[in-house]
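Q: My file is query12.txt. It has compact mmCIF, C-alpha atoms and all ligand atoms:
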```
# COMPACT_ATOMS: atom_id res chain seq x y z
CA MET A 1490 -17.41 98.24 213.31
CA ARG A 1491 -14.12 96.99 214.76
CA ASP A 1492 -12.05 94.64 212.63
CA TYR A 1493 -11.16 91.86 215.10
CA ALA A 1494 -9.37 89.85 212.43
CA GLN A 1495 -7.07 92.78 211.75
CA ALA A 1496 -6.31 93.16 215.47
CA LEU A 1497 -5.35 89.48 215.57
CA ALA A 1498 -3.16 89.89 212.50
CA GLN A 1499 -1.46 92.88 214.07
CA ALA A 1500 -0.77 90.95 217.30
CA GLU A 1501 0.61 88.14 215.14
CA ALA A 1502 2.91 90.54 213.28
CA GLN A 1503 4.23 91.91 216.60
CA GLY A 1504 4.83 88.41 217.89
CA LEU A 1505 2.28 89.03 220.65
CA ARG A 1506 -0.56 86.74 219.61
CA ARG A 1507 -1.47 84.38 222.44
CA ARG A 1508 -2.21 80.79 221.54
CA LEU A 1509 -3.43 77.79 223.48
CA ARG A 1510 -1.02 74.90 223.28
CA LYS A 1511 -2.23 71.31 223.43
CA ALA A 1512 -1.39 69.84 226.84
CA GLU A 1513 -1.61 66.08 227.36
CA ASP A 1514 -0.59 63.38 229.85
CA LEU A 1515 -1.40 65.65 232.81
CA CYS A 1516 -1.61 62.63 235.12
CA HIS A 1517 2.20 62.40 234.94
CA TRP A 1518 2.75 66.04 235.90
CA PRO A 1519 5.35 67.61 236.05
CA ARG A 1520 6.08 65.51 232.95
CA ILE A 1521 3.53 66.50 230.32
CA THR A 1522 3.22 66.51 226.55
CA LEU A 1523 2.93 69.97 225.05
CA ASP A 1524 1.99 70.38 221.39
CA GLY A 1525 3.13 66.80 220.98
CA VAL A 1526 6.52 67.37 222.63
CA PRO A 1527 7.25 65.54 225.92
CA ALA A 1528 8.48 68.13 228.41
CA LEU A 1529 9.11 68.83 232.06
CA ASP A 1530 6.71 71.56 233.21
CA LEU A 1531 8.64 74.26 235.07
CA CYS A 1532 6.01 76.99 235.05
CA GLY A 1533 2.97 75.57 236.84
CA ASN A 1534 1.78 76.87 240.21
CA ASP A 1535 1.20 73.45 241.78
CA TYR A 1536 4.05 74.21 244.18
CA LEU A 1537 3.51 71.22 246.46
CA GLY A 1538 2.38 68.73 243.83
CA LEU A 1539 -1.02 68.45 245.50
CA ALA A 1540 -3.07 68.70 242.27
CA GLN A 1541 -2.08 65.05 241.65
CA ASP A 1542 -2.24 63.97 245.29
CA ALA A 1543 -4.31 60.82 245.85
CA ARG A 1544 -5.83 62.26 249.03
CA LEU A 1545 -7.27 65.25 247.18
CA LYS A 1546 -8.43 63.13 244.26
CA GLN A 1547 -10.22 60.74 246.59
CA ALA A 1548 -11.87 63.57 248.52
CA ALA A 1549 -13.10 65.13 245.27
CA ALA A 1550 -14.32 61.84 243.80
CA ALA A 1551 -16.14 60.79 246.98
CA ALA A 1552 -17.91 64.16 247.23
CA ALA A 1553 -19.00 64.01 243.59
CA LEU A 1554 -20.35 60.47 243.97
CA ARG A 1555 -22.20 61.37 247.16
CA ASP A 1556 -23.48 64.89 246.49
CA GLY A 1557 -23.42 65.31 242.70
CA VAL A 1558 -21.36 67.30 240.25
CA GLY A 1559 -23.17 70.64 240.27
CA ALA A 1560 -24.11 73.04 243.05
CA ARG A 1561 -27.56 73.85 241.51
CA ALA A 1562 -27.62 77.58 242.31
CA SER A 1563 -25.86 80.48 243.96
CA ARG A 1564 -25.43 80.19 247.74
CA LEU A 1565 -28.06 82.86 248.46
CA VAL A 1566 -30.61 80.89 246.44
CA GLY A 1567 -29.57 77.29 246.98
CA GLY A 1568 -28.45 77.54 250.59
CA SER A 1569 -25.13 76.95 252.23
CA ASP A 1570 -24.29 73.27 252.62
CA ALA A 1571 -22.39 71.71 255.53
CA ALA A 1572 -19.22 71.07 253.51
CA THR A 1573 -18.93 74.67 252.33
CA ARG A 1574 -19.62 75.99 255.84
CA ALA A 1575 -16.97 73.67 257.24
CA LEU A 1576 -14.48 74.83 254.59
CA GLU A 1577 -15.16 78.47 255.48
CA ASN A 1578 -14.63 77.78 259.18
CA ALA A 1579 -11.36 76.05 258.32
CA VAL A 1580 -10.26 79.01 256.16
CA ALA A 1581 -11.04 81.48 258.97
CA GLN A 1582 -8.92 79.43 261.39
CA PHE A 1583 -6.21 79.06 258.76
CA VAL A 1584 -5.62 82.81 258.46
CA GLY A 1585 -6.65 83.59 262.04
CA ALA A 1586 -9.65 85.76 261.10
CA PRO A 1587 -13.17 85.62 262.55
CA ALA A 1588 -14.99 84.73 259.30
CA ALA A 1589 -14.44 83.68 255.68
CA LEU A 1590 -16.26 83.38 252.36
CA VAL A 1591 -15.41 81.11 249.45
CA PHE A 1592 -15.50 82.27 245.79
CA SER A 1593 -15.41 80.34 242.52
CA SER A 1594 -11.86 81.43 241.74
CA GLY A 1595 -9.16 83.71 243.06
CA TYR A 1596 -9.78 86.04 240.15
CA GLN A 1597 -13.46 86.25 240.92
CA ALA A 1598 -12.76 86.77 244.62
CA ASN A 1599 -10.56 89.81 243.99
CA VAL A 1600 -12.91 91.45 241.56
CA ALA A 1601 -15.93 90.79 243.78
CA ILE A 1602 -14.29 91.89 247.06
CA LEU A 1603 -13.02 95.21 245.73
CA GLN A 1604 -16.17 95.99 243.76
CA ALA A 1605 -18.19 95.30 246.92
CA LEU A 1606 -16.13 97.19 249.50
CA LEU A 1607 -15.07 100.28 247.50
CA GLU A 1608 -17.23 102.91 245.87
CA PRO A 1609 -16.71 106.04 243.80
CA GLY A 1610 -15.19 108.62 246.13
CA ASP A 1611 -13.12 105.97 247.94
CA TRP A 1612 -9.37 105.59 247.39
CA ALA A 1613 -7.39 102.44 246.55
CA PHE A 1614 -3.60 102.46 246.96
CA CYS A 1615 -2.12 99.58 245.03
CA ASP A 1616 1.35 98.26 244.35
CA ARG A 1617 2.14 98.91 240.69
CA LEU A 1618 2.75 95.19 240.07
CA ASN A 1619 -0.40 93.86 241.75
CA HIS A 1620 -2.20 90.98 240.06
CA ALA A 1621 -4.57 91.92 237.23
CA SER A 1622 -7.61 90.72 239.20
CA LEU A 1623 -6.94 93.30 241.93
CA ASN A 1624 -6.62 96.06 239.33
CA ASP A 1625 -9.83 94.94 237.64
CA GLY A 1626 -11.69 94.99 240.97
CA VAL A 1627 -10.56 98.51 241.77
CA ARG A 1628 -11.53 99.73 238.29
CA LEU A 1629 -14.95 98.13 238.56
CA SER A 1630 -15.55 99.74 241.95
CA GLY A 1631 -15.12 103.24 240.53
CA ALA A 1632 -12.79 104.18 243.41
CA ARG A 1633 -9.80 106.47 242.79
CA PHE A 1634 -6.98 104.18 241.70
CA LYS A 1635 -3.53 105.20 242.97
CA ARG A 1636 -0.57 102.98 242.14
CA TYR A 1637 2.58 103.24 244.21
CA ASP A 1638 6.00 102.11 242.98
CA HIS A 1639 6.65 98.43 243.48
CA LEU A 1640 7.47 97.59 247.14
CA ASN A 1641 8.02 101.28 247.90
CA PRO A 1642 6.42 102.40 251.21
CA ASP A 1643 7.84 105.92 250.79
CA HIS A 1644 5.86 106.40 247.61
CA LEU A 1645 2.79 104.92 249.27
CA HIS A 1646 3.29 107.40 252.09
CA THR A 1647 3.36 110.34 249.65
CA LEU A 1648 0.16 109.17 247.99
CA LEU A 1649 -1.61 108.59 251.32
CA GLN A 1650 -0.70 112.09 252.46
CA ALA A 1651 -2.37 113.55 249.39
CA ALA A 1652 -5.74 111.86 250.04
CA PRO A 1653 -8.49 113.56 252.09
CA PRO A 1654 -8.31 112.38 255.73
CA GLU A 1655 -12.01 111.51 255.87
CA ALA A 1656 -12.00 109.41 252.65
CA ASN A 1657 -12.54 105.64 252.81
CA LYS A 1658 -9.09 104.24 251.94
CA TRP A 1659 -7.67 100.78 251.21
CA VAL A 1660 -4.08 99.68 250.71
CA VAL A 1661 -4.05 96.62 248.44
CA THR A 1662 -1.10 94.35 247.70
CA ASP A 1663 -0.04 90.92 246.55
CA THR A 1664 2.14 89.25 249.17
CA ILE A 1665 4.33 87.03 246.97
CA PHE A 1666 4.28 88.81 243.60
CA SER A 1667 3.25 86.37 240.91
CA MET A 1668 5.68 87.50 238.19
CA ASP A 1669 8.69 88.49 240.32
CA GLY A 1670 8.54 86.24 243.36
CA ASP A 1671 9.41 89.16 245.64
CA PHE A 1672 7.37 90.46 248.56
CA PRO A 1673 6.62 93.59 250.60
CA ASP A 1674 7.44 94.47 254.19
CA LEU A 1675 3.84 94.09 255.37
CA ARG A 1676 4.61 95.64 258.74
CA ALA A 1677 5.68 98.90 257.07
CA LEU A 1678 2.56 98.91 254.89
CA CYS A 1679 0.25 98.16 257.82
CA GLU A 1680 1.81 100.88 259.97
CA LEU A 1681 1.39 103.44 257.22
CA ALA A 1682 -2.17 102.34 256.60
CA ALA A 1683 -3.02 102.61 260.31
CA ARG A 1684 -1.48 106.08 260.47
CA TYR A 1685 -3.65 107.30 257.60
CA ASN A 1686 -6.77 105.45 258.68
CA ALA A 1687 -6.71 103.08 255.71
CA ARG A 1688 -7.66 99.39 255.68
CA VAL A 1689 -5.34 96.73 254.24
CA MET A 1690 -6.20 93.93 251.82
CA ILE A 1691 -3.58 91.32 250.94
CA ASP A 1692 -3.62 88.69 248.19
CA GLU A 1693 -1.81 85.58 249.43
CA ALA A 1694 -2.47 83.43 246.31
CA HIS A 1695 1.22 82.51 245.90
CA ALA A 1696 1.94 82.34 249.64
CA ASN A 1697 -0.88 80.15 250.98
CA GLY A 1698 0.52 76.80 252.03
CA LEU A 1699 4.14 77.94 251.73
CA PHE A 1700 4.87 80.66 254.31
CA GLY A 1701 4.28 80.79 258.06
CA GLU A 1702 5.57 78.25 260.55
CA ALA A 1703 2.45 77.20 262.42
CA ARG A 1704 -0.44 77.31 259.96
CA ARG A 1705 1.37 77.94 256.65
CA SER A 1706 -1.27 80.51 255.79
CA GLY A 1707 1.02 82.97 254.07
CA LEU A 1708 3.36 85.92 254.33
CA ALA A 1709 1.31 87.80 256.96
CA GLU A 1710 1.77 84.86 259.31
CA ALA A 1711 5.47 84.54 258.40
CA GLN A 1712 6.07 88.24 259.10
CA GLY A 1713 4.15 88.06 262.38
CA ILE A 1714 1.48 90.58 261.36
CA SER A 1715 -1.40 90.69 263.82
CA GLU A 1716 -4.77 89.64 262.49
CA GLU A 1717 -6.36 93.03 263.26
CA ALA A 1718 -3.84 94.85 261.05
CA ILE A 1719 -5.24 93.18 257.92
CA ALA A 1720 -8.88 93.83 257.08
CA ILE A 1721 -9.13 91.32 254.20
CA HIS A 1722 -6.94 88.28 253.68
CA MET A 1723 -7.59 87.00 250.18
CA GLY A 1724 -6.25 83.64 249.08
CA ALA A 1725 -6.59 80.86 246.54
CA PHE A 1726 -6.97 77.09 246.63
CA SER A 1727 -5.64 76.95 243.07
CA LYS A 1728 -1.87 77.20 243.60
CA ALA A 1729 0.00 75.42 246.41
CA LEU A 1730 -3.27 73.96 247.72
CA GLY A 1731 -3.67 71.98 244.52
CA GLY A 1732 -7.37 72.62 243.90
CA ALA A 1733 -9.55 75.47 242.67
CA GLY A 1734 -11.42 78.43 244.13
CA GLY A 1735 -10.65 81.57 246.10
CA PHE A 1736 -11.51 83.00 249.49
CA ALA A 1737 -11.77 86.15 251.55
CA ALA A 1738 -11.28 86.17 255.32
CA GLY A 1739 -11.82 89.05 257.72
CA SER A 1740 -14.21 90.42 260.32
CA GLN A 1741 -17.78 89.13 260.41
CA THR A 1742 -18.90 92.63 259.40
CA LEU A 1743 -16.77 92.65 256.25
CA ILE A 1744 -17.71 89.10 255.31
CA ASP A 1745 -21.41 89.93 255.82
CA SER A 1746 -20.89 93.03 253.67
CA LEU A 1747 -19.49 90.83 250.90
CA ILE A 1748 -22.57 88.60 251.10
CA GLN A 1749 -24.73 91.73 250.56
CA ARG A 1750 -22.74 93.34 247.78
CA ALA A 1751 -20.16 91.09 246.08
CA ARG A 1752 -21.68 90.49 242.65
CA GLY A 1753 -19.23 87.70 241.81
CA PHE A 1754 -20.60 85.87 244.86
CA ILE A 1755 -24.28 86.78 244.53
CA TYR A 1756 -24.72 86.08 240.82
CA SER A 1757 -22.58 82.98 240.38
CA THR A 1758 -23.39 79.34 241.04
CA ALA A 1759 -21.72 77.92 244.17
CA LEU A 1760 -18.64 75.74 243.80
CA PRO A 1761 -19.48 72.05 243.26
CA PRO A 1762 -19.03 69.46 246.05
CA SER A 1763 -15.89 67.94 244.49
CA VAL A 1764 -14.08 71.28 244.42
CA ILE A 1765 -15.09 72.16 247.98
CA ALA A 1766 -13.92 68.74 249.19
CA ALA A 1767 -10.57 69.00 247.40
CA ALA A 1768 -10.01 72.51 248.79
CA HIS A 1769 -10.70 71.30 252.33
CA ALA A 1770 -8.41 68.30 251.89
CA GLY A 1771 -5.64 70.58 250.55
CA LEU A 1772 -6.05 72.92 253.50
CA CYS A 1773 -5.73 70.03 255.97
CA ILE A 1774 -2.77 68.45 254.18
CA ILE A 1775 -0.61 71.59 254.05
CA GLN A 1776 -1.04 71.98 257.81
CA GLU A 1777 -0.60 68.32 258.77
CA ASP A 1778 1.88 66.96 256.25
CA ARG A 1779 5.08 69.00 256.27
CA GLU A 1780 6.97 66.75 253.88
CA PRO A 1781 6.08 68.36 250.51
CA LEU A 1782 7.02 71.85 251.73
CA MET A 1783 10.29 70.61 253.21
CA ARG A 1784 11.11 69.01 249.87
CA LEU A 1785 10.32 72.26 248.03
CA GLN A 1786 12.41 74.30 250.45
CA SER A 1787 15.45 72.06 250.17
CA LEU A 1788 15.12 71.97 246.37
CA GLN A 1789 14.95 75.77 246.30
CA ALA A 1790 17.99 76.18 248.57
CA TRP A 1791 19.94 73.82 246.34
CA PHE A 1792 18.73 75.21 243.00
CA THR A 1793 18.73 79.01 243.39
CA PRO A 1794 22.53 79.48 243.69
CA ARG A 1795 23.05 77.05 240.81
CA LEU A 1796 20.66 79.02 238.65
CA SER A 1797 22.59 82.21 239.45
CA GLN A 1798 25.86 80.50 238.49
CA THR A 1799 24.38 79.38 235.19
CA LEU A 1800 23.08 82.87 234.39
CA GLN A 1801 26.14 84.83 235.46
CA PRO A 1802 28.33 84.31 232.33
CA TYR A 1803 25.48 85.78 230.27
CA SER A 1804 25.19 88.86 232.51
CA LEU A 1805 21.79 87.64 233.64
CA ARG A 1806 20.54 87.25 237.16
CA CYS A 1807 17.71 85.98 239.30
CA ASP A 1808 17.44 87.50 242.77
CA SER A 1809 14.29 85.82 243.98
CA GLN A 1810 14.14 84.31 247.45
CA THR A 1811 10.94 82.37 246.79
CA GLN A 1812 9.72 79.48 244.66
CA ILE A 1813 8.99 81.89 241.78
CA LEU A 1814 12.20 82.52 239.85
CA PRO A 1815 11.98 85.08 237.03
CA ILE A 1816 14.71 85.25 234.40
CA VAL A 1817 14.28 88.57 232.61
CA LEU A 1818 15.46 88.18 229.00
CA GLY A 1819 13.72 91.04 227.18
CA ASN A 1820 12.95 90.33 223.55
CA GLN A 1821 14.92 87.04 223.68
CA ALA A 1822 12.42 85.45 226.07
CA MET A 1823 10.17 83.89 223.44
CA ALA A 1824 13.03 82.35 221.43
CA VAL A 1825 14.73 80.95 224.54
CA SER A 1826 11.44 79.46 225.74
CA GLN A 1827 10.87 77.79 222.35
CA GLU A 1828 14.39 76.40 222.27
CA LEU A 1829 14.05 75.04 225.81
CA LEU A 1830 10.83 73.28 224.83
CA LYS A 1831 12.65 71.53 221.99
CA ARG A 1832 15.05 70.26 224.63
CA GLY A 1833 12.21 68.98 226.79
CA TYR A 1834 11.75 71.84 229.28
CA TYR A 1835 8.59 73.91 229.36
CA VAL A 1836 9.00 77.41 230.76
CA GLN A 1837 6.43 79.75 229.28
CA ALA A 1838 7.67 83.19 228.24
CA ILE A 1839 5.69 85.94 229.96
CA ARG A 1840 5.14 88.90 227.66
CA PRO A 1841 3.42 92.29 227.61
CA PRO A 1842 0.88 93.27 228.75
CA THR A 1843 1.32 90.82 231.64
CA VAL A 1844 4.78 92.35 232.22
CA PRO A 1845 6.15 95.69 230.93
CA VAL A 1846 7.94 95.92 227.56
CA GLY A 1847 11.59 94.96 228.20
CA GLY A 1848 10.50 92.86 231.17
CA GLU A 1849 9.74 89.77 229.07
CA ARG A 1850 10.85 86.79 231.08
CA LEU A 1851 10.88 83.12 231.74
CA ARG A 1852 8.93 82.57 234.93
CA LEU A 1853 10.30 79.46 236.53
CA CYS A 1854 8.23 77.89 239.31
CA LEU A 1855 9.72 75.24 241.54
CA SER A 1856 7.53 72.45 242.85
CA ALA A 1857 8.00 69.70 245.39
CA ALA A 1858 7.18 67.40 242.46
CA HIS A 1859 10.48 68.29 240.74
CA THR A 1860 13.70 66.39 241.48
CA ARG A 1861 17.32 67.50 241.54
CA ASP A 1862 17.93 65.43 238.42
CA ASP A 1863 15.12 67.29 236.64
CA LEU A 1864 16.62 70.64 237.54
CA GLU A 1865 20.19 69.57 236.80
CA GLY A 1866 19.02 68.71 233.28
CA PHE A 1867 17.20 72.00 232.98
CA LEU A 1868 20.28 74.03 233.95
CA GLN A 1869 22.32 72.29 231.31
CA ALA A 1870 19.66 72.93 228.66
CA LEU A 1871 19.42 76.57 229.77
CA ASP A 1872 23.18 77.00 229.51
CA GLU A 1873 23.26 75.52 226.01
CA THR A 1874 20.30 77.60 224.90
CA LEU A 1875 21.73 80.86 226.23
CA ALA A 1876 25.14 80.13 224.65
CA GLN A 1877 23.46 79.49 221.32
CA SER A 1878 21.30 82.62 221.47
CA ARG A 1879 24.36 84.71 222.37
CA LEU A 1880 26.19 83.34 219.35
CA GLN A 1881 23.19 84.23 217.19
CA ALA A 1882 22.98 87.72 218.66
CA HIS A 1883 26.63 88.30 217.74
CA ALA A 1884 26.41 86.70 214.29
C1 LIG B 1901 -3.51 83.22 240.35
C2 LIG B 1901 -3.76 84.48 241.08
C3 LIG B 1901 -5.06 84.91 241.35
C4 LIG B 1901 -6.25 84.24 240.74
O1 LIG B 1901 -6.51 83.02 241.33
P1 LIG B 1901 -7.29 81.90 240.47
O2 LIG B 1901 -7.78 80.95 241.49
O3 LIG B 1901 -6.29 81.34 239.53
O4 LIG B 1901 -8.39 82.60 239.75
C5 LIG B 1901 -5.21 86.02 242.14
N1 LIG B 1901 -4.15 86.69 242.63
C6 LIG B 1901 -2.89 86.32 242.36
C7 LIG B 1901 -1.77 87.09 242.94
C8 LIG B 1901 -2.67 85.21 241.57
O5 LIG B 1901 -1.42 84.86 241.24
```
Written as structure tokens, how would this file's structure read?
Ligand SMILES: *Cc1c(COP(=O)(O)O)cnc(C)c1O

A:
Amino acid sequence: MRDYAQALAQAEAQGLRRRLRKAEDLCHWPRITLDGVPALDLCGNDYLGLAQDARLKQAAAAAALRDGVGARASRLVGGSDAATRALENAVAQFVGAPAALVFSSGYQANVAILQALLEPGDWAFCDRLNHASLNDGVRLSGARFKRYDHLNPDHLHTLLQAAPPEANKWVVTDTIFSMDGDFPDLRALCELAARYNARVMIDEAHANGLFGEARRSGLAEAQGISEEAIAIHMGAFSKALGGAGGFAAGSQTLIDSLIQRARGFIYSTALPPSVIAAAHAGLCIIQEDREPLMRLQSLQAWFTPRLSQTLQPYSLRCDSQTQILPIVLGNQAMAVSQELLKRGYYVQAIRPPTVPVGGERLRLCLSAAHTRDDLEGFLQALDETLAQSRLQAHA
């Protein structure tokens, strides 16, 4: 019999025990209270501040009052209501694909999609730093799991060459990587995939609403990748779109295949009316109202060089070109995060196994809800904290 208490104690001793902090005053986000300490939240994924947007709140509240708070059953049992069908049509248009299917979360979408479309004997070629949900989906499918070096098409090429030509193959990647904020050359990946007769699935969770001039659907749009080059566009309503839920978009054949086989879709209750309504409102707002994204972009252009300047005296750097700004601090990450919180800035330290040992970091996420004053204050607190921890390291 496994001793779970001992495993917890061991994690505690290694400083790796995860704990839930008490978060309060969420209605004032990005100012929240964390474990009783008032702080500016700098690590949430609400990149456009839409989770507190009155238009989304009203859409959600109106749907709940009209249609109820629960969806009663799975879609295959309870039917597919007009609001969910309309959302799926909007998602298909958003990414420029023929059809789409909504899932209860981005995590569930990834697991369900990969488990449904891959089988033992198939091959999955995945960036080494892909999101955990993609890895879990591949594992559950029983397909051969090949991981290529992060953002390295040459390594992908070598692995593709080694697979049997007739095998069913998928290349799977995040677009904006959640822990590093970097991104692949999708054109290179798609060309390789086409050459080796592999399909491509992309996860745009951190790119939806932020990249692409016309529709803001994500990195594929921004890089001008044709719709046919990507078999499955996966995305999430839970980050820049301010709501909750995930989606898959692709050909009618692939979407119909998901309806047959995706267990996370078949055996889970449909999303409730309020969540569907908020997702649809978020999707409309990011395409119609350009103001939040313009604010985020100008904040990012202003902040990123200042962050680099602050880090430079400590031989630290942050090379990201996106709204996700990792500061890799190794084993100092936890202490720096705790010290920043005392000063009123909440940046969660990301630790193994989410990132590799030595890659412990602060993962800073900019949002349109932040102001220059907020970030000015943060940089000063960061400078003081790093100076103090350097003194301690040399003591
Ligand atoms: C957050 C995230 C998901 C999961 O989406 P949820 O809606 O939070 O379940 C999937 N993929 C990536 C890359 C993510 O960052």

Q: In Å, how far is it from atom CA of Glu1849 of chain A to atom CA of Gln1495 of chain A?

A: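 Separation between atom CA of Glu1849 of chain A and atom CA of Gln1495 of chain A: 24.3 Å.
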
Q: With a cut-off of 10 Å, could you pull out the residues of chain A touching ligand LIG 1901 (chain B) and give me the nearest pair of atoms for each, distance in Å to one decimal, using all atoms listed in the file, ordered by chain and ascending number, as CSV?

A:
```
residue,atom,partner,partner_atom,distance
A:Asn1534,CA,B:LIG1901,C1,8.3
A:Phe1592,CA,B:LIG1901,O2,8.9
A:Ser1593,CA,B:LIG1901,O2,7.7
A:Ser1594,CA,B:LIG1901,O2,4.1
A:Gly1595,CA,B:LIG1901,O1,3.2
A:Tyr1596,CA,B:LIG1901,O4,3.7
A:Gln1597,CA,B:LIG1901,O4,6.4
A:Ala1598,CA,B:LIG1901,O4,7.8
A:Asn1599,CA,B:LIG1901,C5,6.8
A:Val1600,CA,B:LIG1901,C5,9.4
A:Leu1618,CA,B:LIG1901,C7,9.7
A:Asn1619,CA,B:LIG1901,C7,7.0
A:His1620,CA,B:LIG1901,C7,4.9
A:Ala1621,CA,B:LIG1901,N1,7.5
A:Ser1622,CA,B:LIG1901,C5,6.0
A:Leu1623,CA,B:LIG1901,N1,7.2
A:Thr1662,CA,B:LIG1901,C7,8.7
A:Asp1663,CA,B:LIG1901,C7,5.5
A:Thr1664,CA,B:LIG1901,C7,7.7
A:Ile1665,CA,B:LIG1901,C7,7.3
A:Phe1666,CA,B:LIG1901,C7,6.3
A:Ser1667,CA,B:LIG1901,O5,4.9
A:Met1668,CA,B:LIG1901,O5,8.2
A:Ile1691,CA,B:LIG1901,C7,9.2
A:Asp1692,CA,B:LIG1901,C7,5.8
A:Glu1693,CA,B:LIG1901,C7,6.7
A:Ala1694,CA,B:LIG1901,C6,4.9
A:His1695,CA,B:LIG1901,O5,5.8
A:Ala1696,CA,B:LIG1901,C7,9.0
A:Met1723,CA,B:LIG1901,N1,8.3
A:Gly1724,CA,B:LIG1901,C5,7.4
A:Ala1725,CA,B:LIG1901,O2,5.2
A:Phe1726,CA,B:LIG1901,O2,6.5
A:Ser1727,CA,B:LIG1901,O2,4.8
A:Lys1728,CA,B:LIG1901,C1,7.0
A:Gly1732,CA,B:LIG1901,O2,8.7
A:Ala1733,CA,B:LIG1901,O2,5.9
A:Gly1734,CA,B:LIG1901,O2,5.2
A:Gly1735,CA,B:LIG1901,O2,5.5
A:Phe1736,CA,B:LIG1901,O2,9.1
```

Q: List the neighbours of Ala1729 of chain A out to 6 Å using only C-alpha atoms; skip same-chain residues closer than 2 positions along the sequence, and give me the result as a list in words.

A: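 Non-adjacent residues within range: Asp1535, Tyr1536, Leu1537, Gly1698 and Gly1731 of chain A.
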
Q: Measuring between all atoms listed in the file, which one of A:Leu1554, A:Ala1838, A:Cys1807, A:Leu1785 shows the shortest distance to Ala1822 of chain A?

A: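 Smallest distance to Ala1822 of chain A is found for A:Ala1838.
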
Q: Would you list the contacts of Pro1654 of chain A as an MDAnalysis selection string, taking every protein, DNA or RNA residue within 10 Å and counting all atoms listed in the file, but skipping same-chain residues closer than 4 positions in sequence?

A: chainID A and resid 1649:1650 1658 1685:1687

Q: Counting only C-alpha atoms, which residue out of A:Lys1831, A:Arg1850, A:Ala1738, A:Ala1683 sits closest to Thr1522 of chain A?

A: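 Between A:Lys1831, A:Arg1850, A:Ala1738, A:Ala1683, the residue approaching Thr1522 of chain A most closely is A:Lys1831.
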
Q: For Phe1672 of chain A, which residue among A:Ala1553, A:Leu1523, A:Ala1709, A:Ala1824 is the nearest when counting all atoms listed in the file?

A: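 That would be A:Ala1709, the residue with the smallest distance to Phe1672 of chain A.
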
Q: Identify the residues around (-26.5, 77.8, 248.2) within a radius of 12 Å, measuring from all atoms listed in the file in the coordinates stated by the file, and give them as an NGL selection string.

A: :A and (1559-1574 or 1591 or 1748 or 1754-1762)

Q: I'd like the contact shell of Ala1651 of chain A - 12 Å cut-off, all atoms listed in the file, skipping same-chain residues fewer than 4 positions apart - returned as a tab-separated table (two decimals) with C-alpha atoms, in the frame of the given file.

A:
```tsv
chain	number	residue	atom	x	y	z
A	1612	TRP	CA	-9.37	105.59	247.39
A	1614	PHE	CA	-3.60	102.46	246.96
A	1635	LYS	CA	-3.53	105.20	242.97
A	1644	HIS	CA	5.86	106.40	247.61
A	1645	LEU	CA	2.79	104.92	249.27
A	1646	HIS	CA	3.29	107.40	252.09
A	1647	THR	CA	3.36	110.34	249.65
A	1655	GLU	CA	-12.01	111.51	255.87
A	1656	ALA	CA	-12.00	109.41	252.65
A	1658	LYS	CA	-9.09	104.24	251.94
A	1685	TYR	CA	-3.65	107.30	257.60
```

Q: From the options A:Pro1794, A:Gly1833, A:Gly1771, A:Pro1845, which residue's atoms come nearest to Ala1528 of chain A, counting only C-alpha atoms?

A: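 Ranked by minimum distance to Ala1528 of chain A, first place goes to A:Gly1833.
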
Q: Neighbouring residues of Leu1853 of chain A were defined as those with any atom within 12 Å, considering only C-alpha atoms; residues of the same chain fewer than 6 positions away were excluded. Please report them as a ChimeraX atom specification.

A: /A:1529-1534,1536,1667-1670,1789,1792-1793,1796,1807,1809,1811-1817,1826,1834-1839,1859,1864,1867-1868,1871

Q: Using the selection just defined, write its residues with C-alpha atoms as a compact mmCIF listing (two decimals), in the frame of the given file.

A:
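The resulting file, result21.txt, is reproduced below:
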```txt
# COMPACT_ATOMS: atom_id res chain seq x y z
CA LEU A 1529 9.11 68.83 232.06
CA ASP A 1530 6.71 71.56 233.21
CA LEU A 1531 8.64 74.26 235.07
CA CYS A 1532 6.01 76.99 235.05
CA GLY A 1533 2.97 75.57 236.84
CA ASN A 1534 1.78 76.87 240.21
CA TYR A 1536 4.05 74.21 244.18
CA SER A 1667 3.25 86.37 240.91
CA MET A 1668 5.68 87.50 238.19
CA ASP A 1669 8.69 88.49 240.32
CA GLY A 1670 8.54 86.24 243.36
CA GLN A 1789 14.95 75.77 246.30
CA PHE A 1792 18.73 75.21 243.00
CA THR A 1793 18.73 79.01 243.39
CA LEU A 1796 20.66 79.02 238.65
CA CYS A 1807 17.71 85.98 239.30
CA SER A 1809 14.29 85.82 243.98
CA THR A 1811 10.94 82.37 246.79
CA GLN A 1812 9.72 79.48 244.66
CA ILE A 1813 8.99 81.89 241.78
CA LEU A 1814 12.20 82.52 239.85
CA PRO A 1815 11.98 85.08 237.03
CA ILE A 1816 14.71 85.25 234.40
CA VAL A 1817 14.28 88.57 232.61
CA SER A 1826 11.44 79.46 225.74
CA TYR A 1834 11.75 71.84 229.28
CA TYR A 1835 8.59 73.91 229.36
CA VAL A 1836 9.00 77.41 230.76
CA GLN A 1837 6.43 79.75 229.28
CA ALA A 1838 7.67 83.19 228.24
CA ILE A 1839 5.69 85.94 229.96
CA HIS A 1859 10.48 68.29 240.74
CA LEU A 1864 16.62 70.64 237.54
CA PHE A 1867 17.20 72.00 232.98
CA LEU A 1868 20.28 74.03 233.95
CA LEU A 1871 19.42 76.57 229.77
```

Q: Counting all atoms listed in the file, which residues come within 10 Å of (0.0, 93.1, 262.0), with the point read in the file's coordinates, and could you list them as a ChimeraX atom specification?

A: /A:1675-1680,1709-1710,1712-1719

Q: Any idea what the distance is between atom CA of Ala1550 of chain A and atom CA of Asp1524 of chain A?

A: 29.0 Å
